[in-house]
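Let me begin by presenting the structure, written as structure tokens, before commenting on it.
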There are 2 protein chains.
Amino acid sequence: MVFETLEWVGGVGGYLEMIDQRLLPGEFLKIRCTDVESLYDAIKTLAVRGAPAIGVAAGYGVCIAVQGLRGGDLSAALLGIEKAVEYLGCSRPTAVNLFWALDRMKAAAGRFAAENPGADLPALKEALLAEAHSICRQDKEMCKAIGRHGERFIKEGAGVLTHCNAGALATAGQGTALSPMYEAHGMGRRFCVYVDETRPLLQGARLTAWELGQAGIDATLICDNMAGVLMKQGKVGAVITGADRIAANGDTANKIGTFSLSILAKEYNIPFCIAAPSSTFDLSTASGDEIPIEERGADEVTSFGMRPTAPDGMKVYNPAFDVTDAANITAIITEKGVIEKPNADKIALHLKDVNHGQDARATSD
Amino acid sequence: MVFETLEWVGGVGGYLEMIDQRLLPGEFLKIRCTDVESLYDAIKTLAVRGAPAIGVAAGYGVCIAVQGLRGGDLSAALLGIEKAVEYLGCSRPTAVNLFWALDRMKAAAGRFAAENPGADLPALKEALLAEAHSICRQDKEMCKAIGRHGERFIKEGAGVLTHCNAGALATAGQGTALSPMYEAHGMGRRFCVYVDETRPLLQGARLTAWELGQAGIDATLICDNMAGVLMKQGKVGAVITGADRIAANGDTANKIGTFSLSILAKEYNIPFCIAAPSSTFDLSTASGDEIPIEERGADEVTSFGMRPTAPDGMKVYNPAFDVTDAANITAIITEKGVIEKPNADKIALHLKDVNHGQDARATSD
């Protein structure tokens, strides 16, 4: 990638540098987190967003937390880590990935202390940084693998449509839904990306449009209600979006608007693909009917910044997500491969030898 | 209606009062046009919009223009009217309805002068005001008739979805697409309206939401990409939108996003209705393929007010309209009745005895 969404700078005494996504696309600024309080704020206020990216940031957050610890007693350090984990866990209480990464860091610390009874604090700090780096590296590998498996859905000279932002800005690597585009672009393929602006929060316009532009990929921004016309005109060769949760039968929850795209794609026989880490599957959820859909506040729809765009007190329906039926999905692309025409059996088989690592099942925007 | 979008106040020496739609929904203010310059500005800057409303306003505009004329020579007055007609015609050069109304006023003046060679200027002014009142009255009757024919598509306890604003604010009467809702509401039927916000210019959020609220109709605002989920949930009993132009075979051009709604409605067997005056038919256009689609500027999508929401210089596709295939349309509702499953034969029959009066074939937003 031509930019790093988040990056650890230096060794044990280093700091976390992240793109401040609150300022995009108007301004490109990086923030430096040298204490847990600033990282807490960065997660809470969406300077960093996207399930994988939040997980990676939280891992490094534990490294930042232990920097302040002094003395040689590891059990005191473990207590300090526990406190930091609890504190950082409050920054985004609905983000499953945040807890997954924090738990993994806490477990690594406990394991290190148990396996190295005579070790000192500097050695623990080294072990924790190694663990955080490992989370980050695995995330990058996962992204890259999704791209390699998914690039074949992007044809030379064709258009590909995406919704919301499941890109490099949502991960430490080259994203999930956008990864096949980066991969195809890297291979020299020529194609164009149609970017749904993604109402109400405009992640497509603000983030996806920005990151594709940074990478030099030909991108055209549209309002969500224009996607159907492009499909009718034959300009969309494939739709690729991310996922927030995938049920055992393949029903997929993703940003509101995804489901309608799947119906439109079906009408025009356009491949409709979901690209997401295998950890996005939730086998405890039999089908999409069981996935609760978060409803968000009216103000996201009734105003822009401080300026009202609808009558005062207007009633609003603002679901954050919708569920796309497995029957409408041509393929689910994970880091392990591609599940064509997904159903419960194929998904179970696909996940059989998956090491359930990073869990991206988070409300990430 | 509980409000008048535009209203002539007084007699021959009166003035035109209109809701300033640029300020809605934040502020409700009326502007008074006492000279043609202020009316020109009002049309040009969208204080008044919607094809029928622009036509009615233009008719009264000619009445305002003749107020300044003095002396008894009718031929000098006719020249003055011609000048005013030419001037007002430049206020919105793509609005077909504007020219239709101005031509009608000019013809009325010429006819009056020819038929009443001895008449004086005050008598001409009276004749012109009568003609403008007639345009206004016919518009109100057209709206009302559409409502009467269309109300049966709104079922007790059901939801009805609309897109953009084809309401009272776009006409002198109770609108076209919204007229069946006003009619059903007046009959005591209980139902709710889902209002697409209608990106990029938010006519749904700003105007439709406002006018339904004024009338006390239960309305819920949604982003355009949320309509599909409501249909899937069984909450939409019918879709009713307006039309900008209807081809001879029933293919219908309307605000961008309409076509996608028709595909979604088809998927869930939901009646999809177009409500528009019969003058919206353009029999010289055989099918939707022949309807040119206006593309508008990128800034409508890339910024909000002065605030950028997408990267600088972002490429944008911004079609103002799309075309819904006749095959997706359950019914076209006009002031003359309802054309179910429209096709060229049924449309020709429907229009046979229609007096081609007011032409609403305008790019009105």
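Labels for the structure tokens follow display order: chains A, B, ..., residues from 1 in each chain, ligands from 1.
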Close residues, Leu88 (chain B) itself excluded, 9 Å, only C-alpha atoms, min 2 positions apart in chain, as a list in words: Val36, Glu37, Leu39, Tyr40, Ile43, Ala58, Gly61, Val62, Lys83, Ala84, Val85, Glu86, Cys90, Ser91, Arg92, Leu98, Phe99 and Leu102 of chain B
Residues of chain B within 6 Å of chain A, counting only C-alpha atoms, as a VMD selection string: chain B and resid 25 205 to 206 210 220 to 222 225 228 257 260 309 to 311 315 to 317
Which residue of A:Leu46, A:Ala77, A:Leu351, A:Ile274 approaches Leu128 (chain A) most closely, using only C-alpha atoms: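 Checking each of A:Leu46, A:Ala77, A:Leu351, A:Ile274 against Leu128 (chain A), counting only C-alpha atoms, the winner is A:Ala77.
Interatomic distance, CA of Cys33 (chain B) against CA of Cys63 (chain B): 11.1 Å.
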Exercise: Lys30 (chain A) partners within 7 Å, only C-alpha atoms, chain neighbours under 6 positions left out, as a ChimeraX atom specification: /A:17-20
Residue contacts of Ala109 (chain B) (9 Å, only C-alpha atoms) excluding same-chain residues fewer than 4 positions away, as a ChimeraX atom specification: /B:78,81,104-105,113-114,124-125,127-128
Helix (DSSP H, G or I) call set, DSSP backbone run, region 58-154 of chain A, as a VMD selection string: chain A and resid 58 to 67 74 to 89 96 to 115 121 to 153
Members of region 4-217 of chain A assigned strand (DSSP E) by DSSP, as a PyMOL selection string: chain A and resi 6-9+15-19+30-33+159-162+192-196
Polymer residues at most 8 Å from Ile154 (chain A), only C-alpha atoms, same-chain spacing of 5 or more positions, as a VMD selection string: chain A and resid 159 to 160 180 to 181 184 191 237 to 238
Output the selection as a short mmCIF file (atom, residue, chain, number, x, y, z; two decimals), in the first residue's frame - N, CA, C and O atoms for each residue.
```
data_model
loop_
_atom_site.label_atom_id
_atom_site.label_comp_id
_atom_site.auth_asym_id
_atom_site.auth_seq_id
_atom_site.Cartn_x
_atom_site.Cartn_y
_atom_site.Cartn_z
N GLY A 159 -16.10 -3.00 -14.96
CA GLY A 159 -16.32 -2.18 -13.77
C GLY A 159 -16.59 -3.09 -12.59
O GLY A 159 -17.10 -4.20 -12.74
N VAL A 160 -16.21 -2.64 -11.41
CA VAL A 160 -16.52 -3.39 -10.19
C VAL A 160 -17.11 -2.39 -9.19
O VAL A 160 -16.64 -1.26 -9.08
N PRO A 180 -9.03 -7.50 -3.45
CA PRO A 180 -8.94 -8.02 -4.83
C PRO A 180 -8.66 -6.91 -5.85
O PRO A 180 -8.01 -7.15 -6.86
N MET A 181 -9.13 -5.69 -5.56
CA MET A 181 -8.88 -4.58 -6.49
C MET A 181 -7.41 -4.18 -6.46
O MET A 181 -6.79 -3.96 -7.50
N ALA A 184 -5.55 -6.97 -8.30
CA ALA A 184 -5.71 -6.90 -9.76
C ALA A 184 -4.95 -5.70 -10.32
O ALA A 184 -4.31 -5.78 -11.38
N PHE A 191 -9.27 -1.69 -14.96
CA PHE A 191 -10.69 -1.79 -14.60
C PHE A 191 -11.05 -0.50 -13.89
O PHE A 191 -10.18 0.29 -13.55
N GLY A 237 -19.25 -5.32 -13.79
CA GLY A 237 -18.92 -6.72 -14.04
C GLY A 237 -19.00 -7.57 -12.79
O GLY A 237 -19.15 -8.80 -12.86
N ALA A 238 -18.90 -6.94 -11.64
CA ALA A 238 -18.99 -7.66 -10.36
C ALA A 238 -19.25 -6.66 -9.24
O ALA A 238 -18.91 -5.48 -9.36
#
```
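For Gly250 (chain B), the non-local neighbours within 10 Å, defined as residues at least 3 positions apart in the same chain or in other chains and counting only C-alpha atoms, are Arg245, Ile246, Ala247, Ala253, Ile274, Phe281, Asp282, Leu283, Thr285, Ala286, Ser287, Gly288, Thr324, Asp325, Ala326, Ala327, Asn328, Ile329, Ala331, Ile332, Ile339, Lys341, Pro342, Asn343, Ala344, Asp345, Lys346 and Ile347 of chain B.
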File of the preceding selection, N, CA, C and O atoms, as a compact mmCIF listing (two decimals), in the first residue's frame:
```txt
# COMPACT_ATOMS: atom_id res chain seq x y z
N ARG B 245 -41.07 12.15 -17.63
CA ARG B 245 -41.50 11.92 -19.00
C ARG B 245 -41.87 10.45 -19.12
O ARG B 245 -41.18 9.58 -18.58
N ILE B 246 -42.96 10.15 -19.81
CA ILE B 246 -43.37 8.78 -20.03
C ILE B 246 -43.41 8.53 -21.54
O ILE B 246 -44.09 9.26 -22.27
N ALA B 247 -42.66 7.53 -21.98
CA ALA B 247 -42.61 7.22 -23.42
C ALA B 247 -43.91 6.54 -23.86
O ALA B 247 -44.72 6.10 -23.03
N ALA B 253 -39.28 8.02 -17.29
CA ALA B 253 -38.12 8.71 -16.73
C ALA B 253 -38.55 9.45 -15.47
O ALA B 253 -39.56 10.14 -15.45
N ILE B 274 -46.76 4.84 -10.95
CA ILE B 274 -46.34 6.17 -11.38
C ILE B 274 -47.58 7.05 -11.39
O ILE B 274 -48.61 6.66 -11.96
N PHE B 281 -46.97 12.20 -20.80
CA PHE B 281 -46.69 11.26 -21.89
C PHE B 281 -46.09 11.99 -23.08
O PHE B 281 -46.56 13.08 -23.44
N ASP B 282 -45.07 11.42 -23.64
CA ASP B 282 -44.45 11.97 -24.84
C ASP B 282 -44.52 10.88 -25.91
O ASP B 282 -43.65 10.02 -26.01
N LEU B 283 -45.59 10.95 -26.70
CA LEU B 283 -45.83 9.88 -27.67
C LEU B 283 -44.83 9.90 -28.82
O LEU B 283 -44.68 8.91 -29.54
N THR B 285 -41.79 9.80 -28.31
CA THR B 285 -40.70 8.96 -27.82
C THR B 285 -41.24 7.54 -27.71
O THR B 285 -42.10 7.26 -26.88
N ALA B 286 -40.74 6.64 -28.55
CA ALA B 286 -41.30 5.29 -28.61
C ALA B 286 -41.03 4.51 -27.32
O ALA B 286 -41.91 3.83 -26.81
N SER B 287 -39.80 4.60 -26.82
CA SER B 287 -39.46 3.84 -25.61
C SER B 287 -38.42 4.61 -24.80
O SER B 287 -37.89 5.63 -25.24
N GLY B 288 -38.14 4.08 -23.61
CA GLY B 288 -37.20 4.74 -22.71
C GLY B 288 -35.80 4.87 -23.27
O GLY B 288 -35.05 5.78 -22.88
N THR B 324 -37.47 3.73 -15.84
CA THR B 324 -38.08 2.50 -15.35
C THR B 324 -38.83 1.83 -16.50
O THR B 324 -39.66 2.47 -17.16
N ASP B 325 -38.52 0.55 -16.74
CA ASP B 325 -39.18 -0.18 -17.83
C ASP B 325 -40.67 -0.32 -17.53
O ASP B 325 -41.06 -0.62 -16.40
N ALA B 326 -41.46 -0.16 -18.56
CA ALA B 326 -42.92 -0.30 -18.41
C ALA B 326 -43.27 -1.65 -17.77
O ALA B 326 -44.22 -1.74 -16.98
N ALA B 327 -42.48 -2.68 -18.08
CA ALA B 327 -42.76 -4.01 -17.54
C ALA B 327 -42.71 -4.05 -16.01
O ALA B 327 -43.30 -4.93 -15.39
N ASN B 328 -42.00 -3.10 -15.42
CA ASN B 328 -41.88 -3.06 -13.95
C ASN B 328 -42.97 -2.21 -13.30
O ASN B 328 -43.02 -2.08 -12.08
N ILE B 329 -43.79 -1.58 -14.12
CA ILE B 329 -44.79 -0.63 -13.59
C ILE B 329 -46.16 -1.31 -13.49
O ILE B 329 -46.68 -1.82 -14.47
N ALA B 331 -48.98 0.26 -12.45
CA ALA B 331 -50.03 1.16 -12.91
C ALA B 331 -49.49 2.57 -13.09
O ALA B 331 -48.63 3.01 -12.33
N ILE B 332 -50.01 3.22 -14.12
CA ILE B 332 -49.76 4.66 -14.27
C ILE B 332 -51.07 5.36 -13.96
O ILE B 332 -52.11 5.05 -14.53
N ILE B 339 -53.96 3.36 -15.76
CA ILE B 339 -53.57 2.40 -16.80
C ILE B 339 -52.83 1.26 -16.10
O ILE B 339 -51.70 1.43 -15.65
N LYS B 341 -50.80 -2.27 -15.84
CA LYS B 341 -49.81 -2.93 -16.70
C LYS B 341 -49.67 -2.17 -18.03
O LYS B 341 -50.07 -2.67 -19.10
N PRO B 342 -49.15 -0.97 -17.99
CA PRO B 342 -49.17 -0.10 -19.17
C PRO B 342 -48.40 -0.68 -20.35
O PRO B 342 -47.37 -1.31 -20.19
N ASN B 343 -48.96 -0.46 -21.54
CA ASN B 343 -48.24 -0.74 -22.79
C ASN B 343 -48.70 0.30 -23.82
O ASN B 343 -49.57 1.15 -23.52
N ALA B 344 -48.12 0.24 -25.01
CA ALA B 344 -48.37 1.29 -26.01
C ALA B 344 -49.85 1.39 -26.36
O ALA B 344 -50.40 2.50 -26.47
N ASP B 345 -50.53 0.25 -26.52
CA ASP B 345 -51.94 0.27 -26.90
C ASP B 345 -52.81 0.91 -25.82
O ASP B 345 -53.65 1.76 -26.09
N LYS B 346 -52.60 0.45 -24.58
CA LYS B 346 -53.42 0.99 -23.48
C LYS B 346 -53.18 2.49 -23.31
O LYS B 346 -54.11 3.24 -23.01
N ILE B 347 -51.93 2.89 -23.48
CA ILE B 347 -51.60 4.31 -23.32
C ILE B 347 -52.26 5.14 -24.42
O ILE B 347 -52.84 6.20 -24.15
```
Spatial neighbours of Trp8 (chain A), 10 Å, only C-alpha atoms, chain gap at least 5 places, as a list in words: Gly14, Tyr15, Leu16, Glu17, Met18, Arg32, Cys33, Ala57, Tyr60, Leu129, Ala132, His133 and Cys136 of chain A
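You can rank B:Asp120, B:Glu115, B:Glu151, B:Glu340 by their closest distance to Gly188 (chain B) using only C-alpha atoms, and at the top of that list sits B:Glu151.
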